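Participant: Got a file for you: my_file-v8.txt, compact mmCIF, C-alpha atoms.
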# COMPACT_ATOMS: atom_id res chain seq x y z
CA MET A 1194 5.65 -46.59 225.05
CA LYS A 1195 8.28 -48.57 226.94
CA GLN A 1196 8.31 -48.64 230.73
CA PHE A 1197 11.35 -48.83 233.03
CA GLU A 1198 10.19 -52.31 234.09
CA ASP A 1199 10.72 -53.49 230.49
CA PHE A 1200 14.51 -53.06 230.89
CA ASN A 1201 14.82 -55.81 233.58
CA LEU A 1202 16.74 -53.51 235.90
CA LYS A 1203 18.13 -54.31 239.37
CA PRO A 1204 16.10 -53.27 242.43
CA THR A 1205 18.75 -50.63 243.28
CA THR A 1206 18.39 -49.07 239.82
CA ILE A 1207 14.60 -49.02 240.12
CA GLU A 1208 14.99 -47.31 243.50
CA PHE A 1209 17.32 -44.71 241.92
CA ILE A 1210 14.66 -44.04 239.24
CA LYS A 1211 11.95 -43.64 241.89
CA LYS A 1212 14.11 -41.23 243.91
CA ASN A 1213 14.27 -39.04 240.78
CA GLY A 1214 10.48 -39.08 240.60
CA PHE A 1215 10.39 -40.66 237.13
CA VAL A 1216 7.25 -42.55 236.11
CA GLU A 1217 8.15 -43.58 232.56
CA PRO A 1218 11.23 -43.12 230.34
CA THR A 1219 11.53 -40.20 227.93
CA PRO A 1220 11.94 -41.05 224.21
CA ILE A 1221 15.74 -40.78 224.32
CA GLN A 1222 15.89 -42.91 227.47
CA SER A 1223 13.66 -45.55 225.86
CA GLU A 1224 15.92 -45.73 222.83
CA MET A 1225 19.31 -45.56 224.53
CA ILE A 1226 19.14 -47.42 227.85
CA PRO A 1227 18.75 -50.95 226.37
CA SER A 1228 21.59 -50.39 223.87
CA ILE A 1229 23.91 -48.90 226.52
CA LEU A 1230 23.31 -51.96 228.70
CA LYS A 1231 24.38 -54.08 225.73
CA GLN A 1232 27.68 -52.13 225.80
CA LYS A 1233 27.19 -50.52 222.40
CA ASP A 1234 28.71 -47.17 221.39
CA LEU A 1235 25.95 -44.62 220.95
CA ILE A 1236 25.36 -41.06 219.75
CA GLY A 1237 22.36 -39.32 221.31
CA ILE A 1238 21.05 -36.16 219.65
CA SER A 1239 18.25 -34.23 221.31
CA LYS A 1240 17.48 -30.85 222.81
CA THR A 1241 18.12 -29.84 226.41
CA GLY A 1242 15.45 -31.00 228.84
CA THR A 1243 14.67 -34.30 227.08
CA GLY A 1244 16.25 -36.54 229.74
CA LYS A 1245 19.72 -37.04 228.24
CA THR A 1246 21.54 -37.01 231.58
CA HIS A 1247 19.59 -39.91 233.03
CA ALA A 1248 19.81 -41.75 229.70
CA PHE A 1249 23.39 -42.52 230.78
CA LEU A 1250 23.12 -42.25 234.60
CA ILE A 1251 20.48 -45.01 234.80
CA PRO A 1252 22.63 -47.55 232.86
CA ILE A 1253 25.68 -46.56 234.93
CA MET A 1254 23.69 -47.27 238.11
CA GLU A 1255 22.78 -50.65 236.64
CA MET A 1256 26.34 -51.54 235.54
CA ILE A 1257 28.38 -50.24 238.50
CA ASP A 1258 30.25 -52.74 240.68
CA VAL A 1259 31.16 -51.23 244.06
CA GLU A 1260 33.42 -54.21 244.81
CA GLU A 1261 35.89 -52.99 242.18
CA ASP A 1262 38.47 -50.47 243.40
CA SER A 1263 38.78 -48.63 240.08
CA THR A 1264 37.33 -45.76 238.06
CA ASP A 1265 35.03 -47.47 235.58
CA PHE A 1266 32.98 -44.47 234.38
CA VAL A 1267 34.20 -41.06 233.19
CA ILE A 1268 31.71 -38.30 232.30
CA THR A 1269 32.88 -35.03 230.70
CA ALA A 1270 31.02 -31.72 230.38
CA PRO A 1271 32.35 -28.54 228.68
CA THR A 1272 31.65 -26.18 231.61
CA ARG A 1273 31.95 -26.32 235.37
CA GLU A 1274 28.24 -25.54 235.73
CA LEU A 1275 27.18 -28.48 233.57
CA ALA A 1276 29.60 -30.82 235.36
CA VAL A 1277 28.19 -29.72 238.74
CA GLN A 1278 24.63 -30.32 237.51
CA ILE A 1279 25.47 -33.88 236.41
CA TYR A 1280 27.33 -34.48 239.68
CA GLU A 1281 24.38 -33.34 241.80
CA LYS A 1282 22.03 -35.63 239.87
CA ALA A 1283 24.46 -38.54 240.25
CA LEU A 1284 24.66 -38.06 244.03
CA LEU A 1285 21.24 -39.70 244.36
CA MET A 1286 23.05 -42.95 243.55
CA LYS A 1287 24.80 -42.70 246.92
CA GLU A 1288 21.45 -42.44 248.69
CA VAL A 1289 20.57 -45.81 247.17
CA ASN A 1290 24.03 -47.34 247.71
CA PRO A 1291 26.39 -45.39 250.02
CA LEU A 1292 29.35 -47.50 248.83
CA ILE A 1293 29.33 -45.79 245.42
CA ARG A 1294 32.20 -43.29 245.15
CA ILE A 1295 31.61 -40.26 242.88
CA LYS A 1296 34.24 -37.56 242.32
CA LEU A 1297 33.77 -34.09 240.77
CA VAL A 1298 36.92 -32.65 239.13
CA VAL A 1299 36.62 -29.17 237.62
CA GLY A 1300 38.79 -26.10 237.23
CA GLY A 1301 38.58 -23.45 239.92
CA LYS A 1302 38.73 -25.99 242.74
CA GLN A 1303 41.87 -26.66 244.80
CA LYS A 1304 43.82 -29.17 242.73
CA ASP A 1305 46.01 -30.20 245.67
CA LYS A 1306 42.93 -31.48 247.48
CA ASP A 1307 41.89 -33.52 244.40
CA ILE A 1308 45.40 -35.00 244.14
CA LYS A 1309 45.44 -36.05 247.80
CA GLN A 1310 42.01 -37.67 247.62
CA LEU A 1311 42.80 -39.54 244.40
CA LYS A 1312 46.07 -40.84 245.84
CA ASP A 1313 44.13 -42.26 248.78
CA GLN A 1314 41.32 -43.84 246.77
CA GLN A 1315 39.98 -43.99 243.21
CA PRO A 1316 36.29 -43.14 242.65
CA HIS A 1317 33.94 -45.42 240.75
CA ILE A 1318 32.60 -42.46 238.74
CA VAL A 1319 34.48 -39.31 237.71
CA ILE A 1320 32.52 -36.28 236.47
CA GLY A 1321 34.42 -33.22 235.30
CA THR A 1322 35.69 -30.81 232.69
CA PRO A 1323 38.04 -32.20 229.99
CA GLY A 1324 41.02 -30.02 230.97
CA ARG A 1325 41.02 -31.01 234.66
CA ILE A 1326 40.52 -34.71 233.85
CA LYS A 1327 43.45 -34.60 231.41
CA ASP A 1328 45.62 -32.79 233.96
CA LEU A 1329 44.95 -35.27 236.79
CA PHE A 1330 45.41 -38.27 234.48
CA LEU A 1331 48.33 -37.32 232.24
CA GLN A 1332 50.21 -34.60 234.13
CA GLU A 1333 49.70 -35.56 237.78
CA GLY A 1334 49.20 -39.29 237.24
CA VAL A 1335 46.79 -39.61 240.16
CA LEU A 1336 43.54 -40.30 238.27
CA ARG A 1337 43.79 -43.83 236.89
CA ILE A 1338 41.38 -44.08 233.94
CA GLU A 1339 43.46 -46.11 231.50
CA LYS A 1340 41.17 -49.14 232.10
CA THR A 1341 37.89 -47.23 232.35
CA LYS A 1342 34.91 -49.13 230.93
CA MET A 1343 32.79 -46.19 229.76
CA LEU A 1344 33.46 -42.60 228.59
CA VAL A 1345 30.48 -40.24 228.30
CA VAL A 1346 31.03 -37.00 226.35
CA ASP A 1347 28.10 -34.77 227.27
CA GLU A 1348 27.29 -31.66 225.16
CA ALA A 1349 29.76 -32.86 222.55
CA ASP A 1350 28.88 -30.12 220.04
CA MET A 1351 29.63 -27.40 222.57
CA THR A 1352 32.79 -29.24 223.69
CA LEU A 1353 33.95 -29.03 220.07
CA GLU A 1354 32.89 -25.42 219.59
CA TYR A 1355 34.91 -24.16 222.53
CA GLY A 1356 38.04 -26.15 221.77
CA PHE A 1357 37.86 -28.71 224.59
CA LEU A 1358 37.71 -31.76 222.30
CA ASP A 1359 41.52 -31.74 222.05
CA ASP A 1360 41.74 -32.39 225.81
CA ILE A 1361 39.42 -35.40 225.48
CA ASP A 1362 41.43 -36.60 222.50
CA ALA A 1363 44.60 -36.44 224.64
CA PHE A 1364 43.33 -38.83 227.33
CA ALA A 1365 40.88 -40.94 225.29
CA GLY A 1366 43.83 -42.15 223.22
CA ARG A 1367 45.37 -43.61 226.41
CA MET A 1368 42.23 -45.47 227.49
CA SER A 1369 41.23 -49.09 226.90
CA GLU A 1370 40.63 -50.36 223.35
CA ASN A 1371 37.42 -51.95 224.62
CA LEU A 1372 36.17 -48.60 225.93
CA GLN A 1373 32.44 -48.00 225.50
CA MET A 1374 31.84 -44.40 224.40
CA LEU A 1375 28.65 -42.38 224.51
CA SER A 1376 28.28 -38.96 222.90
CA PHE A 1377 25.36 -36.64 223.71
CA SER A 1378 24.62 -33.30 222.04
CA ALA A 1379 21.90 -31.10 220.62
CA THR A 1380 23.40 -31.08 217.10
CA MET A 1381 25.92 -33.09 215.08
CA PRO A 1382 28.48 -30.74 213.45
CA GLU A 1383 30.61 -32.10 210.60
CA GLN A 1384 33.79 -31.30 212.57
CA LEU A 1385 32.73 -33.74 215.29
CA LYS A 1386 32.54 -36.73 212.96
CA PRO A 1387 36.34 -37.41 212.68
CA PHE A 1388 36.55 -37.69 216.49
CA ILE A 1389 33.59 -40.08 216.58
CA LYS A 1390 35.07 -42.18 213.78
CA LYS A 1391 38.39 -42.36 215.63
CA TYR A 1392 37.05 -43.59 218.97
CA MET A 1393 33.61 -45.12 218.47
CA HIS A 1394 33.05 -48.63 217.10
CA HIS A 1395 30.08 -48.81 214.73
CA PRO A 1396 28.09 -46.29 216.78
CA TYR A 1397 24.30 -46.31 216.71
CA THR A 1398 22.69 -42.87 216.46
CA VAL A 1399 19.51 -41.97 218.33
CA LYS A 1400 17.99 -38.68 217.19
CA ILE A 1401 14.93 -37.34 218.94
CA GLU A 1402 13.11 -34.78 216.81
CA GLU A 1403 11.84 -32.11 219.19
CA ASP A 1404 11.99 -28.69 217.57
CA GLU A 1405 11.56 -26.09 220.31
CA SER A 1406 11.01 -23.41 217.68
CA PHE A 1407 7.52 -24.79 217.13
CA ASN A 1408 6.68 -25.08 220.81
CA PRO A 1409 3.14 -23.63 220.87
CA HIS A 1410 3.65 -22.46 224.44
CA ILE A 1411 6.43 -20.00 223.50
CA ASN A 1412 5.41 -16.53 222.32
CA HIS A 1413 8.22 -14.86 220.30
CA VAL A 1414 8.11 -11.05 220.35
CA LEU A 1415 10.42 -8.73 218.38
CA ILE A 1416 11.29 -5.49 220.19
CA PRO A 1417 13.06 -2.79 218.08
CA CYS A 1418 15.99 -1.08 219.82
CA TYR A 1419 16.00 1.81 217.30
CA HIS A 1420 19.13 3.81 218.27
CA HIS A 1421 19.12 2.60 221.91
CA SER A 1422 21.52 0.10 223.51
CA TYR A 1423 20.39 -3.32 224.75
CA LEU A 1424 20.53 -2.11 228.35
CA GLU A 1425 18.39 0.96 227.59
CA THR A 1426 15.84 -1.18 225.74
CA ILE A 1427 15.71 -3.75 228.54
CA LEU A 1428 15.10 -1.01 231.12
CA SER A 1429 12.31 0.41 228.95
CA ILE A 1430 10.39 -2.90 228.72
CA LEU A 1431 10.88 -4.38 232.21
CA PRO A 1432 7.93 -2.40 233.66
CA GLY A 1433 5.74 -4.07 231.03
CA PHE A 1434 5.74 -7.60 232.48
CA GLN A 1435 6.05 -9.46 235.77
CA PRO A 1436 8.34 -12.50 235.43
CA TYR A 1437 8.92 -15.22 237.99
CA THR A 1438 12.39 -15.84 236.57
CA CYS A 1439 13.68 -13.91 233.55
CA LEU A 1440 16.76 -15.11 231.65
CA ILE A 1441 18.58 -12.36 229.73
CA PHE A 1442 20.97 -13.67 227.06
CA ALA A 1443 23.96 -11.68 225.78
CA ASN A 1444 26.31 -12.74 222.98
CA THR A 1445 29.50 -11.91 224.91
CA ARG A 1446 30.72 -11.90 228.50
CA ASP A 1447 31.44 -8.17 228.39
CA VAL A 1448 27.91 -7.30 227.24
CA ALA A 1449 26.47 -9.59 229.92
CA GLU A 1450 28.58 -7.85 232.55
CA GLU A 1451 27.50 -4.40 231.30
CA ILE A 1452 23.79 -5.32 231.35
CA ALA A 1453 23.99 -6.83 234.85
CA LYS A 1454 25.81 -3.76 236.19
CA GLY A 1455 23.25 -1.41 234.59
CA LEU A 1456 20.32 -3.34 236.07
CA ARG A 1457 21.86 -3.28 239.54
CA ASN A 1458 22.33 0.47 239.25
CA LYS A 1459 18.54 0.67 238.79
CA ASP A 1460 18.03 -1.48 241.93
CA TYR A 1461 17.12 -4.72 240.13
CA ASP A 1462 18.21 -7.94 241.88
CA VAL A 1463 20.41 -9.69 239.31
CA THR A 1464 22.35 -12.94 239.05
CA GLU A 1465 25.15 -13.31 236.48
CA ILE A 1466 26.29 -16.56 234.82
CA HIS A 1467 29.21 -16.08 232.42
CA GLY A 1468 32.91 -16.83 232.04
CA ASN A 1469 34.16 -13.56 233.54
CA LEU A 1470 32.99 -14.64 236.99
CA GLU A 1471 35.21 -16.42 239.49
CA SER A 1472 34.42 -20.11 239.99
CA ARG A 1473 32.95 -19.50 243.46
CA LYS A 1474 30.60 -16.79 242.14
CA ARG A 1475 29.53 -18.87 239.15
CA LYS A 1476 28.68 -21.80 241.43
CA LYS A 1477 26.67 -19.54 243.74
CA ALA A 1478 24.89 -17.96 240.74
CA LEU A 1479 23.87 -21.38 239.45
CA LYS A 1480 22.49 -22.35 242.87
CA ASP A 1481 20.62 -19.04 243.08
CA LEU A 1482 19.05 -19.74 239.69
CA GLN A 1483 18.04 -23.27 240.61
CA ALA A 1484 16.59 -22.05 243.91
CA SER A 1485 14.82 -19.09 242.19
CA ARG A 1486 16.38 -16.63 244.63
CA THR A 1487 16.61 -13.84 242.06
CA THR A 1488 14.18 -12.76 239.36
CA TYR A 1489 16.66 -11.59 236.70
CA VAL A 1490 19.53 -13.74 235.42
CA VAL A 1491 22.01 -12.42 232.84
CA ALA A 1492 23.87 -15.19 231.01
CA THR A 1493 25.88 -16.15 227.93
CA ASP A 1494 24.99 -19.17 225.78
CA LEU A 1495 28.01 -21.14 226.99
CA ALA A 1496 27.16 -20.65 230.67
CA ALA A 1497 23.45 -21.32 230.25
CA ARG A 1498 23.60 -24.34 227.92
CA GLY A 1499 22.06 -27.31 229.63
CA ILE A 1500 20.42 -25.33 232.43
CA ASP A 1501 17.00 -26.86 232.95
CA VAL A 1502 14.95 -24.72 235.34
CA ASP A 1503 11.15 -24.94 235.31
CA THR A 1504 10.62 -21.49 236.85
CA VAL A 1505 11.82 -19.45 233.83
CA THR A 1506 8.74 -17.58 232.57
CA HIS A 1507 10.47 -15.00 230.35
CA VAL A 1508 13.56 -14.89 228.14
CA ILE A 1509 15.14 -11.74 226.71
CA SER A 1510 17.51 -12.31 223.79
CA CYS A 1511 19.85 -9.38 223.13
CA GLY A 1512 20.19 -9.78 219.39
CA PHE A 1513 20.92 -13.17 217.86
CA PRO A 1514 23.85 -15.58 218.27
CA ASN A 1515 25.99 -16.35 215.21
CA ASP A 1516 24.60 -19.88 215.17
CA LEU A 1517 20.82 -19.40 215.06
CA GLU A 1518 20.37 -22.85 216.61
CA TYR A 1519 21.41 -21.20 219.87
CA TYR A 1520 18.43 -18.85 219.61
CA ILE A 1521 16.24 -21.96 219.75
CA HIS A 1522 18.09 -23.00 222.92
CA ARG A 1523 17.56 -19.51 224.39
CA ALA A 1524 13.83 -19.51 223.72
CA GLY A 1525 13.55 -23.09 224.96
CA ARG A 1526 14.66 -22.13 228.48
CA THR A 1527 11.06 -21.00 229.04
CA ALA A 1528 7.74 -22.86 228.60
CA ARG A 1529 9.08 -25.96 230.35
CA ALA A 1530 6.78 -28.83 231.28
CA GLY A 1531 3.93 -27.51 229.14
CA LYS A 1532 3.82 -24.08 230.74
CA ASP A 1533 3.49 -20.86 228.73
CA GLY A 1534 6.52 -18.65 228.18
CA MET A 1535 7.62 -15.41 226.51
CA CYS A 1536 10.76 -14.76 224.50
CA PHE A 1537 11.48 -11.08 223.79
CA VAL A 1538 14.06 -10.43 221.06
CA LEU A 1539 15.76 -7.03 221.07
CA TYR A 1540 16.90 -6.27 217.53
CA HIS A 1541 18.73 -3.68 215.43
CA GLU A 1542 18.70 -3.24 211.65
CA GLN A 1543 21.68 -5.58 211.20
CA ASP A 1544 19.59 -8.46 212.59
CA ASP A 1545 17.26 -8.51 209.55
CA ALA A 1546 18.86 -11.59 207.94
CA SER A 1547 18.63 -13.58 211.19
CA ILE A 1548 14.99 -12.64 211.72
CA ARG A 1549 13.99 -13.59 208.19
CA SER A 1550 15.91 -16.88 208.43
CA LEU A 1551 14.05 -17.86 211.61
CA MET A 1552 10.74 -16.81 210.07
CA ARG A 1553 11.45 -19.13 207.12
CA LYS A 1554 12.02 -21.94 209.62
CA GLY A 1555 8.52 -21.44 210.94
CA ILE A 1556 8.92 -19.12 213.93
CA HIS A 1557 6.11 -16.57 214.14
CA PHE A 1558 7.26 -13.25 215.60
CA GLU A 1559 4.93 -10.67 217.04
CA HIS A 1560 6.20 -7.10 216.70
CA SER A 1561 5.75 -4.76 219.67
CA ARG A 1562 7.19 -1.99 221.79
CA TYR A 1563 6.45 -0.69 225.28
CA ARG A 1564 5.69 3.04 225.46
CA ASN A 1565 3.99 5.27 228.02
CA GLY A 1566 3.02 2.40 230.30
CA LYS A 1567 1.44 0.10 227.71
CA TRP A 1568 2.35 -2.35 224.96
CA GLN A 1569 1.88 -1.18 221.40
CA THR A 1570 1.47 -3.55 218.46
CA LEU A 1571 3.69 -2.58 215.53
CA GLN A 1572 3.35 -3.36 211.82
CA PRO A 1573 4.17 -7.07 211.20
CA TYR A 1574 7.92 -7.38 210.67
CA GLY A 1575 8.96 -7.00 207.04
CA LYS A 1576 5.50 -5.89 205.86
CA LYS A 1577 5.52 -2.68 203.85
CA ARG A 1578 3.35 0.19 205.01
CA LYS A 1579 0.24 0.05 202.85
CA LYS A 1580 -0.76 3.67 203.47
CA LYS A 1581 2.58 5.01 202.30
CA ASN A 1582 2.46 2.83 199.18
CA ASP A 1583 -1.07 3.98 198.34
CA GLU A 1584 -0.07 7.63 198.62
CA MET A 1585 2.91 7.07 196.37
CA LYS A 1586 0.76 5.32 193.79
CA LYS A 1587 -1.62 8.30 193.71
CA GLU A 1588 1.25 10.74 193.14
CA ILE A 1589 2.74 8.55 190.43
CA ALA A 1590 -0.69 8.22 188.76
CA LYS A 1591 -0.89 12.03 188.48
CA LEU A 1592 2.16 11.93 186.22
CA ASN A 1593 0.20 9.86 183.69
CA THR A 1594 -2.89 12.10 183.28
CA LYS A 1595 -2.09 13.18 179.70
CA LYS A 1596 -2.77 9.86 178.02
CA ASN A 1597 -3.52 11.14 174.47
CA THR A 1598 -0.59 13.51 174.08
CA LYS A 1599 2.35 12.60 171.90
CA VAL A 1600 5.26 11.08 173.82
CA LYS A 1601 8.40 13.24 173.61
CA PRO A 1602 11.96 11.87 173.35
CA GLY A 1603 13.42 10.88 176.76
CA TYR A 1604 9.96 10.61 178.27
CA LYS A 1605 10.58 7.23 179.95
CA LYS A 1606 13.83 8.37 181.56
CA LYS A 1607 12.23 11.57 182.88
CA MET A 1608 9.23 9.61 184.20
CA ALA A 1609 11.50 7.09 185.97
CA ALA A 1610 13.49 9.96 187.54
CA LYS A 1611 10.30 11.62 188.82
CA ILE A 1612 9.02 8.34 190.29
CA ASN A 1613 12.40 7.75 191.94
CA GLU A 1614 12.29 11.23 193.48
CA ILE A 1615 8.78 10.60 194.86
CA GLU A 1616 9.93 7.33 196.46
CA ARG A 1617 13.04 8.95 197.95
CA LYS A 1618 10.97 11.83 199.36
CA LYS A 1619 8.52 9.43 200.98
CA LYS A 1620 11.38 7.47 202.50
CA ARG A 1621 12.97 10.66 203.90
CA ASP A 1622 9.61 11.77 205.32
CA TYR A 1623 9.12 8.37 206.96
CA ILE A 1624 12.58 8.46 208.60
CA ARG A 1625 12.01 12.02 209.85
CA GLN A 1626 8.66 10.96 211.29
CA LYS A 1627 10.21 8.02 213.17
CA ILE A 1628 12.95 10.27 214.58
CA ARG A 1629 10.31 12.79 215.75
CA GLU A 1630 8.31 9.99 217.40
CA GLU A 1631 11.41 8.68 219.20
CA LYS A 1632 12.42 12.17 220.40
CA LYS A 1633 8.88 12.81 221.61
CA ALA A 1634 8.79 9.50 223.49
CA ILE A 1635 12.20 10.17 225.09
CA TYR A 1636 11.06 13.66 226.13
CA LYS A 1637 7.92 12.25 227.77
CA GLU A 1638 9.93 9.59 229.59
CA ARG A 1639 12.32 12.25 230.92
CA GLN A 1640 9.42 14.44 232.07
CA ILE A 1641 7.85 11.48 233.87
CA GLY A 1642 11.24 10.70 235.43
CA LYS A 1643 11.55 14.29 236.70
CA LYS A 1644 8.08 14.14 238.25
CA ASN A 1645 8.99 10.91 240.02
CA GLY A 1646 12.24 12.45 241.25
CA LYS A 1647 14.49 10.05 239.31
Please express what this file holds, its structure, as structure tokens.
Facilitator:
Amino acid sequence: MKQFEDFNLKPTTIEFIKKNGFVEPTPIQSEMIPSILKQKDLIGISKTGTGKTHAFLIPIMEMIDVEEDSTDFVITAPTRELAVQIYEKALLMKEVNPLIRIKLVVGGKQKDKDIKQLKDQQPHIVIGTPGRIKDLFLQEGVLRIEKTKMLVVDEADMTLEYGFLDDIDAFAGRMSENLQMLSFSATMPEQLKPFIKKYMHHPYTVKIEEDESFNPHINHVLIPCYHHSYLETILSILPGFQPYTCLIFANTRDVAEEIAKGLRNKDYDVTEIHGNLESRKRKKALKDLQASRTTYVVATDLAARGIDVDTVTHVISCGFPNDLEYYIHRAGRTARAGKDGMCFVLYHEQDDASIRSLMRKGIHFEHSRYRNGKWQTLQPYGKKRKKKNDEMKKEIAKLNTKKNTKVKPGYKKKMAAKINEIERKKKRDYIRQKIREEKKAIYKERQIGKKNGK
């Protein structure tokens, strides 16, 4: 294992590393820092929480020249929250060397203030969202990055997915031909390759294999919704565990908003992180999450991507995202730093294909529900009920008691029809039984609610 001392870094860079509390480099830092310092173009692929941010911040600290009055480093992130996170980590550079100028440029802030500051002085490092960087460079002409030495595209796969790569394309084409480009992401979609080919010169790829789906510290639990909504199911299971911080993932902003509102109506303290929030509220929500001020956080994948908070003990996934890789990201928000974590998955019948796909990838799901104040273990997902099958076999066997009698014409068709009818009857009986159980459970919950005056 390499050590930071092996990179022959300046004393100021070593001090920056110590201020971050790092003892030794992570695998992606070990692989990328020496090559970045040699000014090579690189592609870094690894999951969130593997040290990607400092894989480029440490070389920038080493390469920065505060005597130059120009913007030499540009770092892009697809969301304001991610840009703010990188910015806050970069601010430690100023504690080591106060002469370093770092500027955050994101949407939702007062652009006039950015324009005035940039007219007065250019920062050494710019961190921001692609749209605002493009605007200040190409439209306003106040951010001078045409001679920038390094461009870092963080969360490149998500930048592509949400359509922000066009903004980067617009200003990257106006930057220096000798530009060093670094791309960091969790995956490498095919659609990203033309962009990389266009701007990167013989890039070297570093891929760190860390599959969170096999993290032994994460316990994946399937929770059937039956005919209930996600909000109703969440409310039914919350009394069954005591989280320190619980992240609740929704597939859309509207569903996230609905869940957060419903939880507040039941007096739960909730933080929201999604695109429907104003910039000021999103920034406050992110700070609340990092400071662990609230127990329950409702988020979308876009808003929560890249959030690395050690205090998350439980994750609730409301269904599955279209790209199942994002389920791995959801589950991976818990069980950080070797701690144990729980990921509850609320599912409906239409989620069967997603569940089976993840099971084939090696994820082991427990199958449970919370009823009458206790957790109940359900039949393993996808396993047929043995008792029902045994009963059916007995009934079918009765049809074959007359072994020595002569077989009449049409016998096989009649036998198949009778067997089919037995199977259909058993299925109807099973469905009726489940409906009765659900109605009985709902009735009991209502009676308990009346006794408690709710």
Participant: Excluding range 1200-1205 of chain A and its own-chain neighbours fewer than 6 positions away, which residues fall within 9 Å of it when counting all atoms listed in the file? Please give them as a ChimeraX atom specification.
Facilitator: /A:1226-1227,1252,1254-1255,1286,1289-1290
Participant: Need the shell around Met1351 in chain A: protein/DNA/RNA residues with any atom at most 10 Å away, counting only C-alpha atoms. Skip same-chain ones fewer than 2 positions apart. Format as a PyMOL selection string?
Facilitator: chain A and resi 1270-1272+1347-1349+1353-1358+1378-1380+1382+1494-1495+1498
Participant: I need the residue nearest His1410 in chain A from this list: A:Gln1543, A:Thr1506, A:Gln1315, A:Thr1398. Use all atoms listed in the file for the distance.
Facilitator: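 Checking each candidate against His1410 in chain A, we get A:Thr1506 as the closest.
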Participant: So the first atom is CA of Arg1523 in chain A and the second is CA of Asn1565 in chain A; what is the distance between them in Å, to one decimal place?
Facilitator: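 It comes out at 28.5 Å.
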Participant: Which neighbours of Lys1390 in chain A fall inside 12 Å, counting only C-alpha atoms, when residues of the same chain fewer than 4 positions from it are skipped, and could you give them as JSON, numbers by chain?
Facilitator: {"A": [1234, 1235, 1236, 1374, 1376, 1383, 1384, 1385, 1386, 1394, 1395, 1396, 1397]}
Participant: What does the distance from CA of His1560 in chain A to CA of Leu1415 in chain A come to in Å, to one decimal?
Facilitator: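 That distance, rounded to one decimal, is 4.8 Å.
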Participant: Report, in Å to a single decimal, how far apart CA of Pro1409 in chain A and CA of Gly1555 in chain A are.
Facilitator: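 Taking CA of Gly1555 in chain A and CA of Pro1409 in chain A, their separation equals 11.5 Å.
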Participant: Choose the residue, out of A:Glu1339, A:Asp1262, A:Glu1274, A:Glu1614, that has the smallest atom-to-atom separation from Val1299 in chain A; count all atoms listed in the file.
Facilitator: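 Nearest to Val1299 in chain A: A:Glu1274.
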Participant: What lies within 10 Å of range 1432-1441 of chain A using only C-alpha atoms, ignoring chain neighbours under 3 positions off, as number ranges by chain?
Facilitator: A: 1427-1429, 1449, 1452-1453, 1463-1465, 1482, 1485-1493, 1497, 1502-1511, 1523-1524, 1526-1527, 1534-1538, 1562-1568
Participant: Next, write the just-selected residues to a file, as a short mmCIF file (atom, residue, chain, number, x, y, z; two decimals), in the coordinates of the input, keeping C-alpha atoms as the atom set.
Facilitator:
data_model
loop_
_atom_site.label_atom_id
_atom_site.label_comp_id
_atom_site.auth_asym_id
_atom_site.auth_seq_id
_atom_site.Cartn_x
_atom_site.Cartn_y
_atom_site.Cartn_z
CA ILE A 1427 15.71 -3.75 228.54
CA LEU A 1428 15.10 -1.01 231.12
CA SER A 1429 12.31 0.41 228.95
CA ALA A 1449 26.47 -9.59 229.92
CA ILE A 1452 23.79 -5.32 231.35
CA ALA A 1453 23.99 -6.83 234.85
CA VAL A 1463 20.41 -9.69 239.31
CA THR A 1464 22.35 -12.94 239.05
CA GLU A 1465 25.15 -13.31 236.48
CA LEU A 1482 19.05 -19.74 239.69
CA SER A 1485 14.82 -19.09 242.19
CA ARG A 1486 16.38 -16.63 244.63
CA THR A 1487 16.61 -13.84 242.06
CA THR A 1488 14.18 -12.76 239.36
CA TYR A 1489 16.66 -11.59 236.70
CA VAL A 1490 19.53 -13.74 235.42
CA VAL A 1491 22.01 -12.42 232.84
CA ALA A 1492 23.87 -15.19 231.01
CA THR A 1493 25.88 -16.15 227.93
CA ALA A 1497 23.45 -21.32 230.25
CA VAL A 1502 14.95 -24.72 235.34
CA ASP A 1503 11.15 -24.94 235.31
CA THR A 1504 10.62 -21.49 236.85
CA VAL A 1505 11.82 -19.45 233.83
CA THR A 1506 8.74 -17.58 232.57
CA HIS A 1507 10.47 -15.00 230.35
CA VAL A 1508 13.56 -14.89 228.14
CA ILE A 1509 15.14 -11.74 226.71
CA SER A 1510 17.51 -12.31 223.79
CA CYS A 1511 19.85 -9.38 223.13
CA ARG A 1523 17.56 -19.51 224.39
CA ALA A 1524 13.83 -19.51 223.72
CA ARG A 1526 14.66 -22.13 228.48
CA THR A 1527 11.06 -21.00 229.04
CA GLY A 1534 6.52 -18.65 228.18
CA MET A 1535 7.62 -15.41 226.51
CA CYS A 1536 10.76 -14.76 224.50
CA PHE A 1537 11.48 -11.08 223.79
CA VAL A 1538 14.06 -10.43 221.06
CA ARG A 1562 7.19 -1.99 221.79
CA TYR A 1563 6.45 -0.69 225.28
CA ARG A 1564 5.69 3.04 225.46
CA ASN A 1565 3.99 5.27 228.02
CA GLY A 1566 3.02 2.40 230.30
CA LYS A 1567 1.44 0.10 227.71
CA TRP A 1568 2.35 -2.35 224.96
#
Participant: Give me the residues within 8 Å of Leu1311 in chain A as a PDB file with C-alpha atoms, in the frame of the given file, counting all atoms listed in the file and dropping any in the same chain fewer than 4 places off.
Facilitator:
ATOM      1  CA  ASP A1307      41.890 -33.520 244.400  1.00  0.00           C
ATOM      2  CA  GLN A1315      39.980 -43.990 243.210  1.00  0.00           C
ATOM      3  CA  PRO A1316      36.290 -43.140 242.650  1.00  0.00           C
ATOM      4  CA  VAL A1335      46.790 -39.610 240.160  1.00  0.00           C
ATOM      5  CA  LEU A1336      43.540 -40.300 238.270  1.00  0.00           C
TER       6      LEU A1336
END
